[in-house]
file upload.csv (CSV, C-alpha atoms)
chain,number,residue,atom,x,y,z
A,1055,MET,CA,-5.3,-15.7,0.4
A,1056,ILE,CA,-5.4,-14.7,4.1
A,1057,VAL,CA,-7.7,-15.4,7.0
A,1058,LYS,CA,-7.8,-13.4,10.2
A,1059,ILE,CA,-9.8,-14.0,13.3
A,1060,LEU,CA,-10.6,-10.6,14.9
A,1061,ARG,CA,-11.0,-9.8,18.6
A,1062,PRO,CA,-14.1,-11.2,20.3
A,1063,SER,CA,-16.5,-8.8,22.0
A,1064,ALA,CA,-19.7,-8.8,24.2
A,1065,SER,CA,-21.6,-6.3,22.1
A,1066,PHE,CA,-21.4,-7.9,18.6
A,1067,GLY,CA,-19.9,-4.7,17.3
A,1068,GLY,CA,-18.9,-6.7,14.2
A,1069,VAL,CA,-22.6,-6.5,13.0
A,1070,SER,CA,-22.8,-2.7,13.1
A,1071,TYR,CA,-19.3,-2.4,11.6
A,1072,ASN,CA,-20.4,-4.4,8.6
A,1073,THR,CA,-23.9,-2.9,8.3
A,1074,ASN,CA,-22.3,0.6,8.3
A,1075,LYS,CA,-20.1,-0.5,5.4
A,1076,MET,CA,-23.3,-1.6,3.6
A,1077,GLU,CA,-25.0,1.8,4.3
A,1078,GLN,CA,-21.9,3.5,2.8
A,1079,ASN,CA,-22.1,1.3,-0.3
A,1080,LYS,CA,-18.7,-0.2,0.7
A,1081,GLY,CA,-20.1,-3.6,1.6
A,1082,GLU,CA,-22.7,-6.0,0.4
A,1083,LEU,CA,-24.6,-8.6,2.4
A,1084,MET,CA,-23.9,-12.0,0.8
A,1085,LYS,CA,-25.3,-14.6,3.2
A,1086,VAL,CA,-27.6,-14.7,6.2
A,1087,ALA,CA,-27.7,-18.2,7.6
A,1088,ASN,CA,-29.4,-20.0,10.5
A,1089,PHE,CA,-31.2,-17.0,12.0
A,1090,GLY,CA,-34.4,-19.1,12.3
A,1091,PRO,CA,-37.8,-17.3,11.9
A,1092,LEU,CA,-35.9,-14.0,11.7
A,1093,GLN,CA,-35.0,-14.8,8.1
A,1094,GLY,CA,-38.7,-15.0,7.2
A,1095,LEU,CA,-39.3,-11.3,8.1
A,1096,GLY,CA,-38.9,-8.4,5.7
A,1097,THR,CA,-36.0,-5.9,5.9
A,1098,LEU,CA,-34.0,-6.5,9.1
A,1099,ARG,CA,-32.2,-3.9,11.2
A,1100,PRO,CA,-28.7,-4.4,12.6
A,1101,GLU,CA,-30.1,-4.7,16.1
A,1102,ASP,CA,-32.3,-7.6,14.9
A,1103,TYR,CA,-29.3,-9.6,14.1
A,1104,VAL,CA,-27.5,-8.5,17.3
A,1105,ASN,CA,-30.5,-9.4,19.4
A,1106,TYR,CA,-30.7,-12.9,17.9
A,1107,LEU,CA,-27.0,-13.5,18.4
A,1108,GLN,CA,-27.2,-12.3,22.0
A,1109,MET,CA,-30.2,-14.6,22.6
A,1110,ILE,CA,-28.2,-17.6,21.5
A,1111,SER,CA,-25.1,-16.5,23.4
A,1112,ALA,CA,-27.1,-16.0,26.6
A,1113,ARG,CA,-27.3,-19.8,26.9
A,1114,ASN,CA,-23.7,-19.8,28.2
A,1115,LYS,CA,-23.2,-17.1,30.9
A,1116,GLY,CA,-19.6,-18.2,31.3
A,1117,VAL,CA,-18.4,-16.7,28.0
A,1118,LYS,CA,-18.3,-13.0,28.4
A,1119,GLN,CA,-17.2,-12.1,24.8
A,1120,PRO,CA,-19.1,-14.5,22.5
A,1121,GLN,CA,-18.7,-12.7,19.2
A,1122,PHE,CA,-16.9,-14.6,16.5
A,1123,HIS,CA,-15.6,-12.2,13.8
A,1124,ALA,CA,-13.3,-13.2,11.0
A,1125,THR,CA,-12.1,-12.0,7.6
A,1126,ILE,CA,-11.0,-13.8,4.5
A,1127,SER,CA,-9.0,-11.7,2.0
A,1128,ALA,CA,-8.0,-12.4,-1.5
A,1129,LYS,CA,-4.9,-11.0,-3.2
A,1130,GLY,CA,-6.2,-8.0,-5.1
A,1131,LYS,CA,-9.3,-8.8,-7.2
A,1132,SER,CA,-8.3,-12.4,-7.8
A,1133,HIS,CA,-11.5,-13.7,-6.2
A,1134,ASP,CA,-14.9,-12.0,-6.7
A,1135,LYS,CA,-17.7,-11.7,-4.0
A,1136,VAL,CA,-19.3,-15.0,-5.0
A,1137,ALA,CA,-16.1,-17.0,-4.9
A,1138,LEU,CA,-15.1,-15.5,-1.5
A,1139,THR,CA,-18.6,-16.2,-0.1
A,1140,THR,CA,-18.3,-19.9,-1.2
A,1141,ILE,CA,-14.9,-20.1,0.4
A,1142,ALA,CA,-16.1,-18.6,3.6
A,1143,GLU,CA,-19.0,-21.0,3.8
A,1144,ASP,CA,-16.7,-24.0,3.3
A,1145,TRP,CA,-14.3,-22.6,5.9
A,1146,LEU,CA,-17.0,-22.1,8.5
A,1147,LYS,CA,-18.0,-25.8,8.2
A,1148,LEU,CA,-14.4,-26.9,9.0
A,1149,MET,CA,-14.2,-24.4,11.9
A,1150,GLY,CA,-17.4,-25.8,13.4
A,1151,TYR,CA,-19.8,-22.9,12.6
A,1152,ALA,CA,-21.9,-24.5,9.8
A,1153,GLU,CA,-25.0,-24.6,12.0
A,1154,GLN,CA,-24.4,-21.3,13.8
A,1155,PRO,CA,-26.2,-18.1,12.9
A,1156,TYR,CA,-23.8,-16.1,10.8
A,1157,LEU,CA,-23.5,-13.1,8.4
A,1158,ILE,CA,-21.1,-12.9,5.5
A,1159,VAL,CA,-20.5,-9.4,4.1
A,1160,PHE,CA,-18.4,-8.6,1.1
A,1161,HIS,CA,-16.2,-5.5,1.4
A,1162,LYS,CA,-15.1,-3.6,-1.8
A,1163,ASP,CA,-13.4,-0.6,-0.2
A,1164,THR,CA,-9.8,-1.8,-0.2
A,1165,ALA,CA,-7.3,-3.0,-2.8
A,1166,ASN,CA,-7.9,-6.6,-1.7
A,1167,ASN,CA,-11.4,-8.1,-2.1
A,1168,HIS,CA,-12.5,-9.6,1.3
A,1169,VAL,CA,-15.4,-10.8,3.3
A,1170,HIS,CA,-16.3,-10.4,6.9
A,1171,ILE,CA,-18.0,-13.1,8.9
A,1172,VAL,CA,-19.9,-12.5,12.1
A,1173,SER,CA,-21.3,-15.2,14.3
A,1174,THR,CA,-21.5,-16.4,18.0
A,1175,ARG,CA,-19.2,-18.8,19.7
A,1176,ILE,CA,-22.1,-20.4,21.6
A,1177,ASP,CA,-24.2,-23.1,20.0
A,1178,ARG,CA,-27.9,-23.7,20.6
A,1179,GLN,CA,-27.1,-26.2,23.4
A,1180,GLY,CA,-25.2,-23.6,25.2
A,1181,LYS,CA,-21.8,-25.1,24.5
A,1182,LYS,CA,-18.8,-23.0,23.5
A,1183,ILE,CA,-17.4,-23.9,20.1
A,1184,SER,CA,-13.8,-24.8,20.6
A,1185,SER,CA,-11.3,-21.9,20.2
A,1186,ALA,CA,-8.2,-24.1,20.9
A,1187,PHE,CA,-5.4,-23.3,18.5
A,1188,GLU,CA,-8.0,-21.3,16.7
A,1189,HIS,CA,-5.5,-19.2,14.7
A,1190,ASN,CA,-3.6,-22.2,13.5
A,1191,ARG,CA,-6.8,-24.1,12.6
A,1192,ALA,CA,-8.1,-21.1,10.7
A,1193,ILE,CA,-5.1,-21.1,8.4
A,1194,GLN,CA,-5.0,-24.8,8.0
A,1195,ASN,CA,-8.7,-25.1,7.3
A,1196,LEU,CA,-8.5,-22.3,4.7
A,1197,ASN,CA,-5.6,-24.2,3.0
A,1198,LYS,CA,-7.8,-27.3,3.0
A,1199,VAL,CA,-10.6,-25.4,1.3
A,1200,LEU,CA,-8.2,-24.0,-1.3
A,1201,GLY,CA,-6.7,-27.5,-1.8
A,1202,LEU,CA,-3.2,-26.5,-0.6
A,1203,ASP,CA,-0.8,-29.0,0.8
A,1204,GLU,CA,1.3,-27.0,3.3
A,1205,LYS,CA,4.0,-29.6,3.7
A,1206,LEU,CA,4.4,-30.1,0.0
A,1207,LEU,CA,4.6,-26.3,-0.6
A,1208,ALA,CA,7.2,-26.0,2.2
A,1209,GLU,CA,9.4,-28.8,0.7
A,1210,GLN,CA,9.1,-27.0,-2.7
A,1211,ASP,CA,10.1,-23.7,-1.2
A,1212,LEU,CA,13.0,-25.3,0.6
A,1213,GLU,CA,14.2,-26.9,-2.7
A,1214,LYS,CA,14.0,-23.6,-4.4
A,1215,ALA,CA,15.9,-21.8,-1.6
A,1216,LEU,CA,18.7,-24.4,-1.9
A,1217,SER,CA,18.9,-23.7,-5.6
A,1218,TYR,CA,20.0,-20.1,-4.9
A,1219,GLN,CA,23.6,-18.9,-4.7
A,1220,PHE,CA,24.3,-17.6,-1.1
A,1221,GLY,CA,27.4,-17.0,0.8
A,1222,THR,CA,26.2,-17.3,4.4
A,1223,LYS,CA,23.6,-19.2,6.5
A,1224,ALA,CA,21.8,-15.9,7.2
A,1225,ALA,CA,21.5,-15.2,3.5
A,1226,PHE,CA,19.9,-18.6,3.0
A,1227,MET,CA,17.4,-17.9,5.9
A,1228,MET,CA,16.4,-14.6,4.2
A,1229,ILE,CA,15.1,-16.5,1.2
A,1230,LEU,CA,12.6,-18.6,3.2
A,1231,GLU,CA,11.8,-15.8,5.7
A,1232,GLY,CA,10.8,-13.7,2.7
A,1233,LYS,CA,8.1,-16.4,2.0
A,1234,GLY,CA,6.8,-16.1,5.6
A,1235,TYR,CA,8.7,-19.0,7.2
A,1236,HIS,CA,10.4,-18.9,10.6
A,1237,LEU,CA,13.6,-20.9,10.8
A,1238,LYS,CA,14.8,-22.3,14.1
A,1239,GLN,CA,18.1,-24.2,14.5
A,1240,ALA,CA,18.4,-27.1,17.0
A,1241,ASP,CA,21.7,-28.9,16.9
A,1242,ASP,CA,22.5,-29.9,13.4
A,1243,LYS,CA,19.0,-29.4,12.0
A,1244,MET,CA,17.1,-26.2,11.0
A,1245,ALA,CA,13.3,-26.4,11.4
A,1246,ILE,CA,11.2,-24.6,8.8
A,1247,ILE,CA,8.0,-23.4,10.5
A,1248,LYS,CA,4.9,-21.8,9.2
A,1249,PHE,CA,1.3,-21.6,10.4
A,1250,GLY,CA,2.6,-22.4,13.9
A,1251,ARG,CA,4.0,-25.8,13.1
A,1252,GLN,CA,7.1,-27.4,11.5
A,1253,LEU,CA,6.5,-28.2,7.9
A,1254,ALA,CA,10.0,-29.2,6.8
A,1255,GLU,CA,13.6,-29.3,7.9
A,1256,VAL,CA,17.1,-29.0,6.5
A,1257,SER,CA,20.5,-30.1,7.8
A,1258,VAL,CA,22.8,-27.3,8.7
A,1259,ALA,CA,25.6,-29.2,7.1
A,1260,MET,CA,23.7,-29.1,3.8
A,1261,VAL,CA,23.4,-25.3,4.0
A,1262,ILE,CA,27.1,-25.0,4.8
A,1263,GLU,CA,28.1,-27.2,1.9
A,1264,LYS,CA,25.9,-25.0,-0.4
A,1265,GLU,CA,27.6,-21.9,0.9
A,1266,LYS,CA,30.9,-23.3,-0.3
A,1267,THR,CA,29.7,-23.4,-3.9
A,1268,TYR,CA,29.1,-19.6,-3.9
A,1269,GLN,CA,30.8,-18.0,-6.9
A,1270,PRO,CA,31.0,-14.2,-7.6
A,1271,ASP,CA,29.2,-13.0,-10.8
A,1272,ASP,CA,30.7,-9.8,-11.8
A,1273,ALA,CA,28.6,-9.3,-14.9
A,1274,ARG,CA,25.4,-9.6,-12.9
A,1275,ARG,CA,26.8,-7.3,-10.2
A,1276,LYS,CA,27.3,-4.6,-12.8
A,1277,GLN,CA,23.9,-5.2,-14.2
A,1278,LEU,CA,22.3,-4.9,-10.8
A,1279,ALA,CA,24.1,-1.6,-10.1
A,1280,ALA,CA,22.7,-0.2,-13.4
A,1281,LEU,CA,19.2,-1.5,-12.6
A,1282,LEU,CA,19.3,0.2,-9.1
A,1283,HIS,CA,20.3,3.5,-10.8
A,1284,LYS,CA,17.5,3.2,-13.4
A,1285,HIS,CA,14.4,1.8,-11.6
A,1286,PRO,CA,12.5,2.4,-8.4
A,1287,GLU,CA,12.3,-0.3,-5.7
A,1288,ASP,CA,8.7,-1.4,-6.5
A,1289,TYR,CA,9.5,-1.9,-10.2
A,1290,LEU,CA,12.6,-3.9,-9.3
A,1291,ARG,CA,10.6,-6.1,-7.0
A,1292,ASP,CA,7.4,-6.6,-9.0
A,1293,LYS,CA,8.8,-6.6,-12.6
A,1294,LEU,CA,12.4,-7.7,-12.4
A,1295,GLY,CA,12.4,-10.0,-9.4
A,1296,VAL,CA,15.0,-8.0,-7.5
A,1297,GLN,CA,14.0,-7.5,-3.8
A,1298,LEU,CA,15.8,-5.0,-1.4
A,1299,LEU,CA,16.0,-5.9,2.3
A,1300,PHE,CA,17.2,-3.1,4.6
A,1301,HIS,CA,18.9,-4.0,7.9
A,1302,GLY,CA,19.0,-1.9,11.1
A,1303,LYS,CA,19.1,-2.1,14.9
A,1304,PRO,CA,16.3,-0.8,17.2
A,1305,GLY,CA,16.1,3.0,17.2
A,1306,LYS,CA,19.2,3.3,14.9
A,1307,GLU,CA,19.7,4.2,11.3
A,1308,PHE,CA,19.9,1.4,8.8
A,1309,TYR,CA,23.5,0.0,8.6
A,1310,GLY,CA,23.2,-2.1,5.4
A,1311,TYR,CA,21.0,-3.9,3.0
A,1312,SER,CA,20.8,-7.2,1.1
A,1313,ILE,CA,19.4,-8.1,-2.3
A,1314,LEU,CA,17.3,-11.2,-3.1
A,1315,ASP,CA,17.9,-11.6,-6.8
A,1316,HIS,CA,15.1,-14.0,-7.5
A,1317,ALA,CA,15.5,-13.6,-11.2
A,1318,ASN,CA,19.0,-15.1,-11.0
A,1319,LYS,CA,18.6,-17.1,-7.8
A,1320,ARG,CA,21.2,-15.3,-5.8
A,1321,VAL,CA,21.5,-13.4,-2.5
A,1322,TRP,CA,23.8,-10.4,-2.5
A,1323,LYS,CA,25.3,-8.3,0.2
A,1324,GLY,CA,24.2,-4.8,-0.7
A,1325,SER,CA,27.8,-3.5,-0.4
A,1326,GLU,CA,28.7,-5.8,-3.3
A,1327,ILE,CA,26.6,-3.7,-5.5
A,1328,MET,CA,26.8,-0.2,-4.2
A,1329,PRO,CA,27.2,1.6,-0.8
A,1330,LEU,CA,24.0,2.1,1.2
A,1331,SER,CA,24.5,5.9,1.2
A,1332,GLU,CA,24.7,5.9,-2.6
A,1333,LEU,CA,21.6,3.8,-2.9
A,1334,LEU,CA,19.5,6.0,-0.6
A,1335,ALA,CA,20.8,9.1,-2.5
A,1336,LEU,CA,19.1,8.0,-5.6
A,1337,LYS,CA,16.0,10.1,-6.2
A,1338,HIS,CA,13.7,7.2,-7.1
A,1339,THR,CA,14.7,5.1,-4.1
A,1340,ALA,CA,12.1,5.1,-1.4
A,1341,ILE,CA,13.9,5.6,1.9
A,1342,PRO,CA,12.9,2.6,4.0
A,1343,VAL,CA,10.6,3.1,7.0
A,1344,ASP,CA,12.7,3.7,10.0
A,1345,ALA,CA,12.0,3.4,13.7
A,1346,PRO,CA,8.3,3.2,14.6
A,1347,GLN,CA,6.6,6.1,16.3
A,1348,MET,CA,6.3,5.7,20.1
A,1349,LEU,CA,2.9,5.9,21.8
A,1350,ASN,CA,3.8,7.0,25.3
A,1351,GLU,CA,0.2,6.8,26.4
A,1352,VAL,CA,-2.4,4.4,25.2
A,1353,SER,CA,-6.0,3.7,26.3
A,1354,SER,CA,-7.2,0.7,28.1
A,1355,GLU,CA,-9.0,-0.5,24.9
A,1356,VAL,CA,-5.8,-0.4,23.0
A,1357,LYS,CA,-4.0,-2.2,25.8
A,1358,ASP,CA,-6.6,-4.9,25.8
A,1359,TYR,CA,-6.3,-5.3,22.1
A,1360,TYR,CA,-2.6,-5.9,22.2
A,1361,ARG,CA,-2.7,-8.0,25.3
A,1362,THR,CA,-5.0,-10.4,23.5
A,1363,LEU,CA,-2.7,-10.6,20.4
A,1364,VAL,CA,0.4,-11.3,22.6
A,1365,HIS,CA,-1.5,-13.9,24.6
A,1366,ALA,CA,-2.6,-15.6,21.3
A,1367,ALA,CA,1.0,-15.5,20.0
A,1368,HIS,CA,2.2,-17.2,23.3
A,1369,GLU,CA,-0.6,-19.8,23.5
A,1370,ASN,CA,-1.3,-20.8,19.9
A,1371,TYR,CA,2.2,-21.4,18.7
A,1372,PRO,CA,4.9,-23.9,19.8
A,1373,ASP,CA,7.4,-21.0,19.7
A,1374,PHE,CA,6.6,-17.5,21.1
A,1375,ALA,CA,8.9,-15.8,18.6
A,1376,GLN,CA,7.1,-17.5,15.7
A,1377,GLY,CA,3.8,-16.4,17.2
A,1378,LEU,CA,4.9,-12.8,17.3
A,1379,GLN,CA,6.3,-12.9,13.8
A,1380,GLU,CA,3.1,-14.5,12.4
A,1381,ASN,CA,1.1,-11.6,14.1
A,1382,GLU,CA,3.7,-9.0,12.9
A,1383,LEU,CA,4.5,-7.9,16.4
A,1384,ALA,CA,7.8,-7.5,18.2
A,1385,LEU,CA,8.6,-7.4,22.0
A,1386,GLU,CA,11.8,-6.0,23.4
A,1387,ASP,CA,13.1,-5.6,27.0
A,1388,SER,CA,14.7,-2.1,26.6
A,1389,ALA,CA,16.5,0.0,29.1
A,1390,THR,CA,13.2,1.8,29.9
A,1391,GLY,CA,11.1,-1.4,30.1
A,1392,LEU,CA,9.1,-3.7,27.8
A,1393,VAL,CA,8.3,-2.2,24.4
A,1394,LEU,CA,5.7,-3.7,22.0
A,1395,THR,CA,5.9,-2.9,18.3
A,1396,ASP,CA,3.1,-3.3,15.8
A,1397,LYS,CA,5.0,-3.8,12.4
A,1398,VAL,CA,1.8,-3.3,10.4
A,1399,LEU,CA,1.1,0.2,11.8
A,1400,ASN,CA,4.8,1.0,12.5
A,1401,VAL,CA,4.1,2.1,16.0
A,1402,ALA,CA,5.5,1.1,19.4
A,1403,MET,CA,4.3,1.5,23.0
A,1404,PRO,CA,5.5,0.9,26.5
A,1405,ALA,CA,4.1,-2.5,27.5
A,1406,ASP,CA,4.9,-3.1,31.2
A,1407,SER,CA,1.5,-1.9,32.3
A,1408,PHE,CA,-0.3,-4.6,30.3
A,1409,ILE,CA,2.3,-7.3,29.5
A,1410,ASP,CA,3.5,-9.6,32.3
A,1411,ARG,CA,7.3,-9.9,31.7
A,1412,SER,CA,7.4,-13.1,33.8
A,1413,VAL,CA,5.2,-14.9,31.3
A,1414,TYR,CA,6.8,-13.9,28.0
A,1415,ILE,CA,10.3,-14.3,26.7
A,1416,PRO,CA,10.9,-11.1,24.7
A,1417,PRO,CA,12.6,-11.2,21.3
A,1418,ILE,CA,13.5,-8.0,19.3
A,1419,MET,CA,11.9,-4.8,18.1
A,1420,ILE,CA,12.2,-1.2,17.0
A,1421,ALA,CA,10.9,2.1,18.5
A,1422,ASP,CA,9.9,6.3,18.4
A,1423,ASP,CA,5.7,9.1,18.6
A,1424,VAL,CA,2.0,9.4,17.5
A,1425,ASP,CA,-1.2,9.9,19.5
A,1426,ASP,CA,-3.7,7.5,20.9
A,1427,GLN,CA,-6.5,8.7,18.6
A,1428,GLN,CA,-4.3,7.9,15.6
A,1429,ILE,CA,-3.8,4.3,16.6
A,1430,HIS,CA,-7.5,3.8,17.0
A,1431,GLY,CA,-8.0,4.6,13.3
A,1432,MET,CA,-5.0,2.6,12.3
A,1433,ARG,CA,-6.1,-0.3,14.5
A,1434,ARG,CA,-9.3,-0.5,12.6
A,1435,ARG,CA,-7.4,-0.7,9.4
A,1436,ARG,CA,-5.0,-3.2,10.8
A,1437,GLN,CA,-7.9,-5.5,11.7
A,1438,GLN,CA,-8.7,-5.8,8.0
A,1439,LYS,CA,-5.1,-6.9,7.2
A,1440,ALA,CA,-4.2,-10.5,7.5
A,1441,ARG,CA,-1.0,-11.2,9.2
A,1442,THR,CA,-0.2,-14.7,8.5
A,1443,ASN,CA,-1.1,-16.9,5.6
A,1444,THR,CA,-0.5,-17.6,2.0
A,1445,ARG,CA,-0.7,-14.9,-0.7
call {"tool": "encode", "arguments": {"input": "upload.csv", "output": "structure tokens"}}
result
Amino acid sequence: MIVKILRPSASFGGVSYNTNKMEQNKGELMKVANFGPLQGLGTLRPEDYVNYLQMISARNKGVKQPQFHATISAKGKSHDKVALTTIAEDWLKLMGYAEQPYLIVFHKDTANNHVHIVSTRIDRQGKKISSAFEHNRAIQNLNKVLGLDEKLLAEQDLEKALSYQFGTKAAFMMILEGKGYHLKQADDKMAIIKFGRQLAEVSVAMVIEKEKTYQPDDARRKQLAALLHKHPEDYLRDKLGVQLLFHGKPGKEFYGYSILDHANKRVWKGSEIMPLSELLALKHTAIPVDAPQMLNEVSSEVKDYYRTLVHAAHENYPDFAQGLQENELALEDSATGLVLTDKVLNVAMPADSFIDRSVYIPPIMIADDVDDQQIHGMRRRRQQKARTNTR
């Protein structure tokens, strides 16, 4: 399950966004809470909710964008509208919004059932509800509601990763990165990070010792080659536990691939199975998405949106690279200047005009062309996709 806090605003556009969904029969109002005498009236218009939220928000003139807008998304149809609403209510209590006026709207127009929550960040005394480390707290509080022990899960995932056969440290890291972890080595320890904090660690020496036990498995190698010829990538991943990972440099063609053989707990270099050119020549193999399309010009609204995301990645995580990864962004200082990549939308854009390079330490990315109007539509879809959590 995934939680995502969306961008704040001054206009409470989240209300109209959700009521529009309801009018299109793509959404259903599940809960209206703490709107005072407003709830005693008959049918309410979207502007009635907005006016009430703005009235409460006006008690603190210092907060220019008081809207609180979040989504909680299930995997597929695993949770129905009632279950998601209950989870959202419990989550709001932990986030400090139990007494706030809020709406919960169930959306049924995507593959994953999800609810939207709209409220105000200002309480009735005019105080702003804390947004410190909001992203991290959102995930941690959702895990509490779901009864998940993050450290225990990380230790279990680490134990599973060490049970695999792998020939290099990078191959070991792929196993955990595939589960959403970020690994950071310091001296002889490797920190395992998720949700913006370290959940476990492993000694580098232990990983190296495990590397030494790697043994070739020619029978499985031949079997995998046959499976790659026979089945498409999604079938291999979903049904047979065989995951393909393609490797490439920014703006370049893919130079190789790896295979996470979860069914047999082994990490393979793709070249051990078959050449990349042969794999891509197979008719049923989906050619991996290559360099993102480059947006050479973007509007001020789009710039503000990504400026906010990068700032959150920098401020809400102990490690900026982890923050970018959790938000599925990448930042690179290329020959032509800073370039920001949105991995969800597979688009990139020049970032010097809205990202201060003196503040951020840029990691890596990819790049290449689509128009500003297109990103607006994609951005709206992206806001419904969670970037960081457990699924």
call {"tool": "residues_near_point", "arguments": {"input": "upload.csv", "point": "(-16.3, -17.1, 22.2)", "cutoff": "8 Å", "atoms": "only C-alpha atoms", "output": "ChimeraX atom specification"}}
result
/A:1062,1117-1122,1174-1176,1182-1183,1185
call {"tool": "closest_residue", "arguments": {"input": "upload.csv", "among": "A:Leu1148, A:Ala1366, A:Ile1246, A:Val1256", "to": "A:Asn1197", "atoms": "all atoms listed in the file"}}
result
A:Leu1148
call {"tool": "atom_distance", "arguments": {"input": "upload.csv", "atom1": "atom CA of A:Leu1299", "atom2": "atom CA of A:Ser1312"}}
result
5.1 Å
call {"tool": "closest_residue", "arguments": {"input": "upload.csv", "among": "A:Gly1094, A:Gly1068, A:Pro1155, A:Gly1201", "to": "A:Thr1125", "atoms": "only C-alpha atoms"}}
result
A:Gly1068
call {"tool": "atom_distance", "arguments": {"input": "upload.csv", "atom1": "atom CA of A:Lys1264", "atom2": "atom CA of A:Leu1330"}}
result
27.2 Å
call {"tool": "residues_around", "arguments": {"input": "upload.csv", "residues": "A:Met1227", "least_positions_apart": "4", "cutoff": "7 Å", "atoms": "all atoms listed in the file", "output": "list in words"}}
result
Lys1223, Glu1231 and Leu1237 of chain A
call {"tool": "write_last_selection", "arguments": {"input": "upload.csv", "atoms": "C-alpha atoms", "output": "mmCIF file, in the coordinates of the input"}}
result
data_model
loop_
_atom_site.group_PDB
_atom_site.id
_atom_site.type_symbol
_atom_site.label_atom_id
_atom_site.label_comp_id
_atom_site.auth_asym_id
_atom_site.auth_seq_id
_atom_site.Cartn_x
_atom_site.Cartn_y
_atom_site.Cartn_z
ATOM 1 C CA LYS A 1223 23.600 -19.200 6.500
ATOM 2 C CA GLU A 1231 11.800 -15.800 5.700
ATOM 3 C CA LEU A 1237 13.600 -20.900 10.800
#
call {"tool": "closest_residue", "arguments": {"input": "upload.csv", "among": "A:Ile1247, A:Ala1367, A:Val1321, A:Ala1128", "to": "A:Phe1187", "atoms": "all atoms listed in the file"}}
result
A:Ala1367
call {"tool": "residues_around", "arguments": {"input": "upload.csv", "residues": "A:Met1260", "least_positions_apart": "3", "cutoff": "10 Å", "atoms": "all atoms listed in the file", "output": "short mmCIF file (atom, residue, chain, number, x, y, z; two decimals) with C-alpha atoms, in the frame of the given file"}}
result
data_model
loop_
_atom_site.label_atom_id
_atom_site.label_comp_id
_atom_site.auth_asym_id
_atom_site.auth_seq_id
_atom_site.Cartn_x
_atom_site.Cartn_y
_atom_site.Cartn_z
CA LEU A 1216 18.70 -24.40 -1.90
CA ASP A 1242 22.50 -29.90 13.40
CA LYS A 1243 19.00 -29.40 12.00
CA VAL A 1256 17.10 -29.00 6.50
CA SER A 1257 20.50 -30.10 7.80
CA GLU A 1263 28.10 -27.20 1.90
CA LYS A 1264 25.90 -25.00 -0.40
CA GLU A 1265 27.60 -21.90 0.90
#
call {"tool": "atom_distance", "arguments": {"input": "upload.csv", "atom1": "atom CA of A:Tyr1268", "atom2": "atom CA of A:Leu1282"}}
result
22.7 Å
call {"tool": "residues_around", "arguments": {"input": "upload.csv", "residues": "A:His1316", "least_positions_apart": "4", "cutoff": "10 Å", "atoms": "only C-alpha atoms", "output": "PDB file with C-alpha atoms, in the coordinates of the input"}}
result
ATOM      1  CA  ALA A1215      15.900 -21.800  -1.600  1.00  0.00           C
ATOM      2  CA  TYR A1218      20.000 -20.100  -4.900  1.00  0.00           C
ATOM      3  CA  ILE A1229      15.100 -16.500   1.200  1.00  0.00           C
ATOM      4  CA  ARG A1291      10.600  -6.100  -7.000  1.00  0.00           C
ATOM      5  CA  LEU A1294      12.400  -7.700 -12.400  1.00  0.00           C
ATOM      6  CA  GLY A1295      12.400 -10.000  -9.400  1.00  0.00           C
ATOM      7  CA  VAL A1296      15.000  -8.000  -7.500  1.00  0.00           C
ATOM      8  CA  GLN A1297      14.000  -7.500  -3.800  1.00  0.00           C
ATOM      9  CA  ARG A1320      21.200 -15.300  -5.800  1.00  0.00           C
ATOM     10  CA  VAL A1321      21.500 -13.400  -2.500  1.00  0.00           C
TER      11      VAL A1321
END
call {"tool": "closest_residue", "arguments": {"input": "upload.csv", "among": "A:Ser1353, A:Lys1276, A:His1365, A:Asp1315", "to": "A:Met1328", "atoms": "only C-alpha atoms"}}
result
A:Lys1276
